[in-house]
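With mmCIF, C-alpha atoms inside, this is start20.cif:
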```cif
data_work
#
loop_
_atom_site.label_atom_id
_atom_site.label_comp_id
_atom_site.auth_asym_id
_atom_site.auth_seq_id
_atom_site.Cartn_x
_atom_site.Cartn_y
_atom_site.Cartn_z
CA MET S 846 0.00 0.00 0.00
CA LEU S 847 1.39 3.41 -0.96
CA SER S 848 2.26 5.94 1.71
CA GLU S 849 0.43 9.26 1.78
CA ARG S 850 3.57 11.02 0.55
CA ARG S 851 3.85 8.79 -2.50
CA LEU S 852 0.16 9.26 -3.18
CA GLU S 853 0.78 13.02 -3.19
CA VAL S 854 3.69 12.55 -5.59
CA LEU S 855 1.46 10.50 -7.90
CA ARG S 856 -1.26 13.15 -7.71
CA ALA S 857 1.27 15.82 -8.68
CA ILE S 858 2.57 13.74 -11.60
CA VAL S 859 -0.94 13.19 -12.97
CA GLN S 860 -1.88 16.85 -12.61
CA ASP S 861 1.31 18.07 -14.27
CA TYR S 862 1.17 15.57 -17.12
CA VAL S 863 -2.47 16.37 -17.87
CA GLY S 864 -1.71 20.08 -17.81
CA THR S 865 1.59 20.19 -19.68
CA GLU S 866 1.39 17.13 -21.97
CA GLU S 867 5.07 16.53 -21.11
CA PRO S 868 6.65 13.74 -19.06
CA VAL S 869 7.25 14.94 -15.50
CA GLY S 870 10.62 15.02 -13.77
CA SER S 871 11.49 15.23 -10.08
CA LYS S 872 12.88 18.76 -10.41
CA ALA S 873 9.63 20.04 -11.93
CA LEU S 874 7.62 18.40 -9.15
CA THR S 875 9.60 20.05 -6.37
CA GLU S 876 9.39 23.43 -8.10
CA ARG S 877 5.64 23.33 -8.82
CA HIS S 878 4.30 21.56 -5.75
CA ASN S 879 4.74 22.03 -2.04
CA LEU S 880 5.71 18.43 -1.33
CA GLN S 881 7.87 19.45 1.67
CA VAL S 882 10.57 16.89 0.88
CA SER S 883 13.91 17.07 -0.91
CA PRO S 884 14.34 16.38 -4.64
CA ALA S 885 16.26 13.20 -3.70
CA THR S 886 13.26 11.93 -1.73
CA VAL S 887 10.95 12.73 -4.65
CA ARG S 888 13.26 10.78 -6.97
CA ASN S 889 13.14 7.81 -4.60
CA ASP S 890 9.34 8.02 -4.45
CA MET S 891 9.11 8.18 -8.24
CA ALA S 892 11.37 5.13 -8.52
CA ALA S 893 9.09 3.25 -6.13
CA LEU S 894 5.98 4.33 -8.06
CA GLU S 895 7.59 3.17 -11.30
CA GLU S 896 8.57 -0.19 -9.82
CA GLU S 897 4.97 -0.76 -8.71
CA GLY S 898 3.61 0.15 -12.15
CA TYR S 899 1.92 3.46 -11.36
CA ILE S 900 4.17 5.55 -13.62
CA ALA S 901 6.46 4.79 -16.55
CA GLN S 902 9.33 6.34 -18.45
CA PRO S 903 8.35 6.77 -22.14
CA HIS S 904 11.99 6.92 -23.25
CA THR S 905 15.48 7.27 -21.84
CA SER S 906 16.31 10.56 -20.11
CA ALA S 907 12.62 11.55 -20.08
CA GLY S 908 10.46 12.25 -17.07
CA ARG S 909 7.63 9.95 -16.01
CA VAL S 910 4.03 9.62 -17.17
CA PRO S 911 1.11 7.91 -15.40
CA THR S 912 0.11 4.40 -16.46
CA ASP S 913 -3.46 3.07 -16.58
CA LYS S 914 -2.84 1.71 -13.07
CA GLY S 915 -1.69 5.14 -11.92
CA TYR S 916 -4.74 6.88 -13.38
CA ARG S 917 -6.98 4.28 -11.72
CA LEU S 918 -5.50 4.99 -8.30
CA PHE S 919 -5.73 8.72 -8.99
CA VAL S 920 -9.45 8.44 -9.77
CA ASP S 921 -10.24 6.04 -6.91
CA ARG S 922 -8.20 7.66 -4.15
CA LEU S 923 -7.09 11.10 -5.14
CA ALA S 924 -9.48 12.78 -7.56
CA GLY S 925 -12.56 14.49 -6.25
CA VAL S 926 -15.36 15.60 -8.55
CA LYS S 927 -14.64 19.21 -9.43
CA PRO S 928 -17.76 21.34 -8.81
CA LEU S 929 -18.86 23.62 -11.60
CA SER S 930 -18.89 27.35 -11.02
CA SER S 931 -22.17 29.24 -10.70
CA PRO S 932 -21.81 30.76 -14.21
CA GLU S 933 -21.17 27.26 -15.64
CA ARG S 934 -24.25 25.85 -13.92
CA ARG S 935 -26.42 28.72 -15.15
CA ALA S 936 -25.08 28.29 -18.68
CA ILE S 937 -25.97 24.58 -18.63
CA GLN S 938 -29.46 25.23 -17.35
CA ASN S 939 -30.16 28.05 -19.81
CA PHE S 940 -28.88 26.04 -22.75
CA LEU S 941 -30.89 22.91 -21.93
CA ASP S 942 -34.02 24.82 -20.90
CA GLY S 943 -34.36 26.06 -24.48
CA ALA S 944 -35.02 22.55 -25.81
CA VAL S 945 -38.41 22.07 -27.50
CA ASP S 946 -38.66 18.25 -27.49
CA LEU S 947 -36.73 15.11 -26.57
CA ASP S 948 -34.67 15.05 -29.77
CA ASP S 949 -33.65 18.65 -29.09
CA VAL S 950 -32.77 17.79 -25.48
CA ILE S 951 -30.48 14.97 -26.63
CA ALA S 952 -28.87 17.08 -29.37
CA ARG S 953 -28.24 19.98 -26.99
CA THR S 954 -26.85 17.62 -24.34
CA VAL S 955 -24.34 16.15 -26.80
CA ARG S 956 -23.14 19.58 -27.91
CA LEU S 957 -22.94 20.82 -24.33
CA LEU S 958 -20.96 17.82 -23.05
CA ALA S 959 -18.52 18.02 -25.96
CA GLN S 960 -17.96 21.74 -25.34
CA LEU S 961 -17.59 21.46 -21.55
CA THR S 962 -15.20 18.51 -21.56
CA ARG S 963 -13.55 18.95 -24.98
CA GLN S 964 -14.01 15.20 -25.42
CA VAL S 965 -16.32 13.01 -27.49
CA ALA S 966 -19.84 13.10 -26.01
CA VAL S 967 -22.23 10.14 -26.18
CA VAL S 968 -25.86 10.32 -25.05
CA GLN S 969 -28.31 7.41 -25.09
CA TYR S 970 -31.99 8.06 -25.70
CA PRO S 971 -34.25 7.13 -22.76
CA SER S 972 -35.06 3.43 -22.79
CA LEU S 973 -38.68 2.54 -23.47
CA SER S 974 -38.35 -0.51 -21.26
CA ARG S 975 -37.71 1.76 -18.25
CA SER S 976 -40.32 4.38 -19.17
CA THR S 977 -43.88 4.87 -18.02
CA VAL S 978 -46.90 6.03 -20.00
CA ARG S 979 -47.79 9.70 -19.64
CA HIS S 980 -50.64 9.88 -22.16
CA VAL S 981 -52.22 8.03 -25.08
CA GLU S 982 -54.02 9.99 -27.80
CA LEU S 983 -56.21 8.50 -30.53
CA LEU S 984 -57.13 10.72 -33.48
CA ALA S 985 -59.55 9.81 -36.27
CA LEU S 986 -57.99 10.58 -39.67
CA ALA S 987 -60.65 8.75 -41.69
CA PRO S 988 -63.57 6.45 -40.83
CA ALA S 989 -61.26 3.42 -40.58
CA ARG S 990 -57.89 5.13 -40.09
CA VAL S 991 -56.59 6.19 -36.66
CA MET S 992 -53.40 7.86 -35.49
CA LEU S 993 -52.00 6.58 -32.20
CA VAL S 994 -49.77 8.95 -30.22
CA LEU S 995 -47.92 7.55 -27.21
CA ILE S 996 -46.15 9.99 -24.85
CA THR S 997 -43.74 8.72 -22.19
CA ASP S 998 -42.68 10.20 -18.88
CA THR S 999 -39.30 11.01 -20.45
CA GLY S 1000 -40.87 13.18 -23.13
CA ARG S 1001 -40.53 10.60 -25.88
CA VAL S 1002 -43.31 10.64 -28.48
CA GLU S 1003 -44.15 7.62 -30.65
CA GLN S 1004 -46.72 7.83 -33.47
CA ARG S 1005 -48.40 5.13 -35.54
CA MET S 1006 -50.97 5.15 -38.31
CA ILE S 1007 -53.50 2.34 -37.91
CA ASP S 1008 -55.84 0.98 -40.59
CA CYS S 1009 -58.76 -0.66 -38.80
CA PRO S 1010 -60.78 -3.53 -40.33
CA VAL S 1011 -64.00 -1.56 -39.78
CA PRO S 1012 -64.74 2.11 -38.99
CA LEU S 1013 -64.50 3.13 -35.35
CA GLY S 1014 -66.99 5.85 -34.48
CA GLU S 1015 -65.95 9.04 -32.69
CA THR S 1016 -67.86 8.06 -29.55
CA SER S 1017 -66.22 4.63 -29.44
CA LEU S 1018 -62.81 6.17 -30.14
CA ALA S 1019 -63.26 8.60 -27.26
CA ASP S 1020 -64.37 5.75 -25.01
CA LEU S 1021 -61.31 3.69 -25.96
CA ARG S 1022 -59.03 6.68 -25.39
CA ALA S 1023 -60.49 7.28 -21.91
CA ARG S 1024 -60.30 3.59 -20.93
CA LEU S 1025 -56.70 3.32 -22.12
CA ASN S 1026 -55.54 6.37 -20.21
CA SER S 1027 -57.36 5.35 -17.03
CA ARG S 1028 -55.64 1.97 -17.08
CA ILE S 1029 -52.08 2.63 -18.24
CA VAL S 1030 -51.10 6.23 -17.46
CA GLY S 1031 -48.28 6.07 -14.94
CA GLN S 1032 -47.69 2.38 -15.62
CA ARG S 1033 -44.41 0.87 -16.82
CA PHE S 1034 -44.35 -0.39 -20.37
CA PRO S 1035 -43.82 -4.07 -19.46
CA ASP S 1036 -47.03 -3.97 -17.37
CA VAL S 1037 -49.27 -2.53 -20.10
CA PRO S 1038 -50.18 -5.77 -22.00
CA ARG S 1039 -51.92 -7.38 -19.03
CA LEU S 1040 -53.72 -4.13 -18.18
CA VAL S 1041 -55.39 -3.86 -21.60
CA ALA S 1042 -55.89 -7.54 -22.42
CA ASP S 1043 -59.64 -7.51 -21.75
CA LEU S 1044 -60.44 -4.09 -23.25
CA PRO S 1045 -62.05 -5.40 -26.47
CA GLU S 1046 -64.74 -7.09 -24.36
CA ALA S 1047 -65.97 -3.65 -23.26
CA PHE S 1048 -67.09 -2.89 -26.84
CA GLY S 1049 -69.75 -4.29 -29.14
CA LEU S 1050 -69.00 -7.26 -31.36
CA ASP S 1051 -68.86 -5.10 -34.48
CA GLU S 1052 -66.15 -2.86 -32.96
CA ARG S 1053 -63.97 -5.41 -31.20
CA GLY S 1054 -61.88 -6.08 -34.31
CA ALA S 1055 -61.02 -2.40 -34.66
CA VAL S 1056 -60.27 -2.08 -30.92
CA SER S 1057 -58.03 -5.16 -31.05
CA THR S 1058 -56.16 -3.69 -34.02
CA VAL S 1059 -55.52 -0.44 -32.12
CA LEU S 1060 -54.34 -2.36 -29.06
CA ALA S 1061 -52.05 -4.55 -31.15
CA SER S 1062 -50.44 -1.45 -32.63
CA LEU S 1063 -50.02 0.03 -29.15
CA LEU S 1064 -48.31 -3.13 -27.88
CA GLU S 1065 -46.02 -3.22 -30.93
CA THR S 1066 -44.98 0.33 -30.13
CA LEU S 1067 -44.18 -0.63 -26.54
CA VAL S 1068 -41.91 -3.52 -27.45
CA GLU S 1069 -40.09 -1.93 -30.38
CA GLU S 1070 -36.36 -1.72 -29.69
CA THR S 1071 -36.20 1.93 -30.65
CA GLU S 1072 -34.59 2.60 -27.27
CA GLU S 1073 -31.30 1.36 -28.72
CA ARG S 1074 -30.54 4.81 -30.04
CA LEU S 1075 -27.80 7.22 -29.16
CA MET S 1076 -26.26 10.45 -30.38
CA ILE S 1077 -22.56 11.25 -30.56
CA GLY S 1078 -20.77 14.57 -30.98
CA GLY S 1079 -17.40 16.23 -30.63
CA THR S 1080 -15.39 13.58 -32.48
CA ALA S 1081 -13.22 16.35 -33.90
CA ASN S 1082 -12.02 17.05 -30.35
CA LEU S 1083 -9.86 13.93 -30.57
CA THR S 1084 -7.61 15.60 -33.14
CA ARG S 1085 -6.24 17.77 -30.32
CA PHE S 1086 -4.85 14.64 -28.66
CA GLY S 1087 -3.05 12.96 -31.56
CA GLN S 1088 0.08 12.45 -29.44
CA ASP S 1089 -1.96 10.51 -26.86
CA PHE S 1090 -2.83 7.69 -29.22
CA PRO S 1091 -0.15 5.14 -30.14
CA LEU S 1092 0.63 5.13 -33.87
CA THR S 1093 -2.76 6.33 -35.07
CA ILE S 1094 -6.16 7.56 -33.93
CA ARG S 1095 -7.94 5.39 -36.50
CA PRO S 1096 -8.88 2.46 -34.19
CA VAL S 1097 -10.55 4.92 -31.81
CA LEU S 1098 -12.57 6.52 -34.61
CA GLU S 1099 -13.60 3.11 -35.94
CA ALA S 1100 -14.76 2.02 -32.49
CA LEU S 1101 -16.80 5.21 -32.08
CA GLU S 1102 -18.66 4.37 -35.30
CA GLU S 1103 -19.94 1.12 -33.78
CA GLN S 1104 -23.18 1.83 -31.95
CA VAL S 1105 -23.12 -1.56 -30.23
CA VAL S 1106 -19.70 -0.77 -28.77
CA LEU S 1107 -20.85 2.59 -27.44
CA LEU S 1108 -24.05 1.16 -25.97
CA ARG S 1109 -21.99 -1.49 -24.20
CA LEU S 1110 -19.66 1.18 -22.81
CA LEU S 1111 -22.55 3.26 -21.50
CA GLY S 1112 -24.26 0.15 -20.18
CA GLU S 1113 -21.37 -0.38 -17.77
CA ALA S 1114 -22.52 2.66 -15.81
CA ASN S 1115 -24.31 1.43 -12.69
CA GLY S 1116 -27.56 3.38 -12.48
CA SER S 1117 -26.93 6.96 -11.39
CA GLU S 1118 -23.43 6.14 -10.10
CA MET S 1119 -20.42 7.55 -11.93
CA THR S 1120 -18.37 4.95 -13.80
CA VAL S 1121 -14.82 5.56 -15.07
CA ARG S 1122 -13.16 2.99 -17.35
CA ILE S 1123 -9.48 3.67 -17.99
CA GLY S 1124 -7.34 2.41 -20.85
CA HIS S 1125 -7.19 -1.39 -20.93
CA GLU S 1126 -10.23 -1.61 -18.66
CA ASN S 1127 -12.19 -0.96 -21.87
CA ALA S 1128 -12.76 -4.35 -23.46
CA HIS S 1129 -12.86 -3.07 -27.05
CA GLU S 1130 -9.36 -3.15 -28.53
CA GLY S 1131 -9.81 0.17 -30.34
CA LEU S 1132 -10.49 1.99 -27.08
CA THR S 1133 -7.60 0.77 -24.92
CA SER S 1134 -5.91 4.16 -25.25
CA THR S 1135 -9.02 6.00 -24.04
CA SER S 1136 -10.99 6.57 -20.87
CA VAL S 1137 -14.78 6.54 -20.65
CA VAL S 1138 -16.65 8.54 -18.02
CA SER S 1139 -20.36 7.73 -17.86
CA VAL S 1140 -23.38 8.05 -15.60
CA GLY S 1141 -27.11 7.37 -15.74
CA TYR S 1142 -29.76 10.07 -15.98
CA GLY S 1143 -33.49 10.00 -15.45
CA SER S 1144 -36.65 11.82 -14.50
CA GLY S 1145 -36.67 10.30 -11.02
CA ASP S 1146 -34.41 8.27 -8.77
CA GLU S 1147 -33.96 5.55 -11.39
CA ALA S 1148 -31.81 6.08 -14.49
CA VAL S 1149 -33.65 5.68 -17.79
CA ALA S 1150 -30.54 6.04 -19.98
CA LYS S 1151 -26.82 6.81 -19.87
CA LEU S 1152 -24.56 9.59 -21.05
CA GLY S 1153 -20.84 10.14 -20.95
CA VAL S 1154 -17.65 11.12 -22.72
CA VAL S 1155 -14.76 9.30 -24.40
CA GLY S 1156 -11.29 10.82 -24.46
CA PRO S 1157 -7.60 10.00 -24.02
CA THR S 1158 -6.43 8.55 -20.71
CA ARG S 1159 -4.60 11.86 -20.20
CA MET S 1160 -7.76 13.75 -19.29
CA ASP S 1161 -8.81 16.12 -16.55
CA TYR S 1162 -10.70 13.50 -14.53
CA PRO S 1163 -12.06 15.75 -11.74
CA GLY S 1164 -13.32 18.34 -14.25
CA THR S 1165 -14.71 15.76 -16.67
CA MET S 1166 -16.49 13.83 -13.93
CA GLY S 1167 -17.98 17.05 -12.56
CA ALA S 1168 -19.27 18.14 -15.98
CA VAL S 1169 -20.77 14.73 -16.80
CA ARG S 1170 -22.54 14.52 -13.45
CA ALA S 1171 -23.87 18.09 -13.66
CA VAL S 1172 -25.23 17.67 -17.19
CA ALA S 1173 -26.89 14.35 -16.25
CA ARG S 1174 -28.59 16.04 -13.30
CA TYR S 1175 -29.95 18.88 -15.42
CA VAL S 1176 -31.18 16.54 -18.16
CA GLY S 1177 -33.02 14.51 -15.52
CA GLN S 1178 -34.66 17.65 -14.17
CA ILE S 1179 -35.83 18.66 -17.64
CA LEU S 1180 -37.35 15.22 -18.24
CA ALA S 1181 -39.13 15.37 -14.90
CA GLU S 1182 -40.62 18.80 -15.66
CA ASN S 1183 -41.84 18.04 -19.19
#
```
Show the structure stored in the file as structure tokens.
Amino acid sequence: MLSERRLEVLRAIVQDYVGTEEPVGSKALTERHNLQVSPATVRNDMAALEEEGYIAQPHTSAGRVPTDKGYRLFVDRLAGVKPLSSPERRAIQNFLDGAVDLDDVIARTVRLLAQLTRQVAVVQYPSLSRSTVRHVELLALAPARVMLVLITDTGRVEQRMIDCPVPLGETSLADLRARLNSRIVGQRFPDVPRLVADLPEAFGLDERGAVSTVLASLLETLVEETEERLMIGGTANLTRFGQDFPLTIRPVLEALEEQVVLLRLLGEANGSEMTVRIGHENAHEGLTSTSVVSVGYGSGDEAVAKLGVVGPTRMDYPGTMGAVRAVARYVGQILAEN
């Protein structure tokens, strides 16, 4: 187990390397940080840190840089979440408050995260499987044609055009609309099928076919895997970190194009808890030179989706973690208010 002094030396190395992009030497550490020990002691501590795998020497006569193991200890033991300033918090709230619908919320969130962290931002759309029904609307477009509008608690809107086998009168349509909303508003999507199973029996024989068709369309909407959607932005930010990627940035860019890979990365976030995956902790080979900071967001205590950023392992972890957490909190508030 590292002593407190060596932990402080590691903290200083990480901070300097992130800030300067240059390997850190013992002389620079003693000049920039109040470590209260001699340069010789710092050199001994750095040698011990290197022997235990927390730092490495990129080439002869160079200073030291943190390894994945060193960054992990920094995040777990040394890095607090940097709070955003009042102007930053107001800017986030004002920017997100201007959103007009869910798609706009997601698009604004991606742009905001990319700007705040200067990394690649990834935001997952709220999952239908974790959503509840806010309202169901049925609109008659023609005697036998109905538009179904499903609105979720996360602000998601799904629409379907339904061709019924027989016309459904306005009175019957209004009755069906009222019965549906009384039964399923506030209910989770997986619970809806059993709650509406007997609804056709409440209507006359000549209308049951049309009612069953509407219900079938509703259930199809509930089980569609449209929740497997995400938005990505700020990929160009990676060009600022070309020196942080061995040989080429291409494997990182190729990995970011794979939606399944990104969904898996975000899925590792445990609910509303912050998750940080560093370097080789990322299973995908193309992302072993990156770190992923992710967290869940939602309209209540339970996360309905995930968001996060992808960047080089040489990132400002306290600042990035603070920005990701703050944006997730504001997005959750917006969803709860809509």
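When all atoms listed in the file are used to compute distances to Ala987 (chain S), the closest of the residues S:Arg975, S:Glu1015, S:Thr1165, S:Ala924 turns out to be S:Glu1015.
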Straight-line distance linking CA of Phe940 (chain S) with CA of Pro971 (chain S), stated in Å to one decimal
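Rounded to one decimal, the two atoms are 19.7 Å apart.
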Assuming the chain letters and numbering stay as they are in my file, what does the PyMOL selection byres ((chain S and resi 986) around 12) actually select? List them as a PyMOL selection string.
chain S and resi 983-985+987-993+1005-1009+1012-1015+1018
Store the residues of this selection in a file with C-alpha atoms, as a PDB file, in the frame of the given file.
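Final output, saved to out-v2.pdb:
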```pdb
ATOM      1  CA  LEU S 983     -56.210   8.500 -30.530  1.00  0.00           C
ATOM      2  CA  LEU S 984     -57.130  10.720 -33.480  1.00  0.00           C
ATOM      3  CA  ALA S 985     -59.550   9.810 -36.270  1.00  0.00           C
ATOM      4  CA  ALA S 987     -60.650   8.750 -41.690  1.00  0.00           C
ATOM      5  CA  PRO S 988     -63.570   6.450 -40.830  1.00  0.00           C
ATOM      6  CA  ALA S 989     -61.260   3.420 -40.580  1.00  0.00           C
ATOM      7  CA  ARG S 990     -57.890   5.130 -40.090  1.00  0.00           C
ATOM      8  CA  VAL S 991     -56.590   6.190 -36.660  1.00  0.00           C
ATOM      9  CA  MET S 992     -53.400   7.860 -35.490  1.00  0.00           C
ATOM     10  CA  LEU S 993     -52.000   6.580 -32.200  1.00  0.00           C
ATOM     11  CA  ARG S1005     -48.400   5.130 -35.540  1.00  0.00           C
ATOM     12  CA  MET S1006     -50.970   5.150 -38.310  1.00  0.00           C
ATOM     13  CA  ILE S1007     -53.500   2.340 -37.910  1.00  0.00           C
ATOM     14  CA  ASP S1008     -55.840   0.980 -40.590  1.00  0.00           C
ATOM     15  CA  CYS S1009     -58.760  -0.660 -38.800  1.00  0.00           C
ATOM     16  CA  PRO S1012     -64.740   2.110 -38.990  1.00  0.00           C
ATOM     17  CA  LEU S1013     -64.500   3.130 -35.350  1.00  0.00           C
ATOM     18  CA  GLY S1014     -66.990   5.850 -34.480  1.00  0.00           C
ATOM     19  CA  GLU S1015     -65.950   9.040 -32.690  1.00  0.00           C
ATOM     20  CA  LEU S1018     -62.810   6.170 -30.140  1.00  0.00           C
TER      21      LEU S1018
END
```
Could you tell me, as a tab-separated table (two decimals) with C-alpha atoms, keeping the file's coordinate frame, exactly which residues end up selected when the PyMOL selection byres ((chain S and resi 1081) around 10) is applied to this structure?
```
chain	number	residue	atom	x	y	z
S	959	ALA	CA	-18.52	18.02	-25.96
S	963	ARG	CA	-13.55	18.95	-24.98
S	964	GLN	CA	-14.01	15.20	-25.42
S	965	VAL	CA	-16.32	13.01	-27.49
S	1078	GLY	CA	-20.77	14.57	-30.98
S	1079	GLY	CA	-17.40	16.23	-30.63
S	1080	THR	CA	-15.39	13.58	-32.48
S	1082	ASN	CA	-12.02	17.05	-30.35
S	1083	LEU	CA	-9.86	13.93	-30.57
S	1084	THR	CA	-7.61	15.60	-33.14
S	1085	ARG	CA	-6.24	17.77	-30.32
S	1098	LEU	CA	-12.57	6.52	-34.61
```
Do you know which residues are at most 9 Å from Ala901 (chain S) counting all atoms listed in the file, after dropping those on the same chain fewer than 6 positions away, and could you put them as a list in words?
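With the cut-off at 9 Å, the set is Leu894, Glu895, Gly908, Arg909, Val910, Pro911 and Thr912 of chain S.
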Go ahead and compute the interatomic distance for CA of Lys914 (chain S) and CA of Leu855 (chain S), in Å to one decimal.
11.1 Å
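Residue nearest Arg1074 (chain S), chosen from S:Leu1132, S:Tyr970, S:Thr1158, S:Val1176 and counting all atoms listed in the file: S:Tyr970.
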When you get a chance, write out all heavy atoms for region 1008-1016 of chain S, as a CSV table (one decimal), in the coordinates of the input.
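Listing of out24.csv after writing:
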```csv
chain,number,residue,atom,x,y,z
S,1008,ASP,N,-54.7,1.2,-39.7
S,1008,ASP,CA,-55.8,1.0,-40.6
S,1008,ASP,C,-56.7,-0.1,-39.9
S,1008,ASP,O,-56.3,-1.3,-39.8
S,1008,ASP,CB,-55.4,0.5,-42.0
S,1008,ASP,CG,-54.7,1.7,-42.7
S,1008,ASP,OD1,-55.3,2.8,-42.8
S,1008,ASP,OD2,-53.6,1.4,-43.3
S,1009,CYS,N,-57.9,0.3,-39.5
S,1009,CYS,CA,-58.8,-0.7,-38.8
S,1009,CYS,C,-59.6,-1.5,-39.8
S,1009,CYS,O,-59.9,-1.0,-40.9
S,1009,CYS,CB,-59.7,0.1,-37.9
S,1009,CYS,SG,-58.9,1.1,-36.6
S,1010,PRO,N,-60.0,-2.7,-39.4
S,1010,PRO,CA,-60.8,-3.5,-40.3
S,1010,PRO,C,-62.2,-3.0,-40.6
S,1010,PRO,O,-62.8,-3.2,-41.6
S,1010,PRO,CB,-60.8,-4.9,-39.6
S,1010,PRO,CG,-60.6,-4.6,-38.2
S,1010,PRO,CD,-59.7,-3.4,-38.2
S,1011,VAL,N,-62.7,-2.2,-39.6
S,1011,VAL,CA,-64.0,-1.6,-39.8
S,1011,VAL,C,-63.9,-0.2,-39.2
S,1011,VAL,O,-63.0,0.1,-38.4
S,1011,VAL,CB,-65.1,-2.4,-39.1
S,1011,VAL,CG1,-65.3,-3.7,-39.7
S,1011,VAL,CG2,-64.8,-2.5,-37.6
S,1012,PRO,N,-64.8,0.8,-39.6
S,1012,PRO,CA,-64.7,2.1,-39.0
S,1012,PRO,C,-65.0,2.1,-37.5
S,1012,PRO,O,-65.7,1.2,-37.0
S,1012,PRO,CB,-65.9,2.8,-39.7
S,1012,PRO,CG,-66.0,2.1,-41.0
S,1012,PRO,CD,-65.8,0.7,-40.7
S,1013,LEU,N,-64.3,3.0,-36.8
S,1013,LEU,CA,-64.5,3.1,-35.4
S,1013,LEU,C,-65.1,4.5,-35.1
S,1013,LEU,O,-64.4,5.5,-35.3
S,1013,LEU,CB,-63.1,3.0,-34.6
S,1013,LEU,CG,-63.2,2.7,-33.1
S,1013,LEU,CD1,-63.9,1.5,-32.8
S,1013,LEU,CD2,-61.7,2.6,-32.6
S,1014,GLY,N,-66.3,4.6,-34.7
S,1014,GLY,CA,-67.0,5.8,-34.5
S,1014,GLY,C,-66.3,6.8,-33.5
S,1014,GLY,O,-65.5,6.3,-32.6
S,1015,GLU,N,-66.6,8.1,-33.6
S,1015,GLU,CA,-66.0,9.0,-32.7
S,1015,GLU,C,-66.3,8.8,-31.2
S,1015,GLU,O,-65.4,8.9,-30.4
S,1015,GLU,CB,-66.4,10.5,-33.1
S,1015,GLU,CG,-65.7,11.6,-32.3
S,1015,GLU,CD,-64.2,11.5,-32.5
S,1015,GLU,OE1,-63.7,11.3,-33.7
S,1015,GLU,OE2,-63.4,11.7,-31.5
S,1016,THR,N,-67.5,8.4,-30.9
S,1016,THR,CA,-67.9,8.1,-29.6
S,1016,THR,C,-67.1,6.9,-29.0
S,1016,THR,O,-66.5,6.9,-27.9
S,1016,THR,CB,-69.4,7.8,-29.4
S,1016,THR,OG1,-70.1,8.9,-29.9
S,1016,THR,CG2,-69.8,7.5,-28.0
```
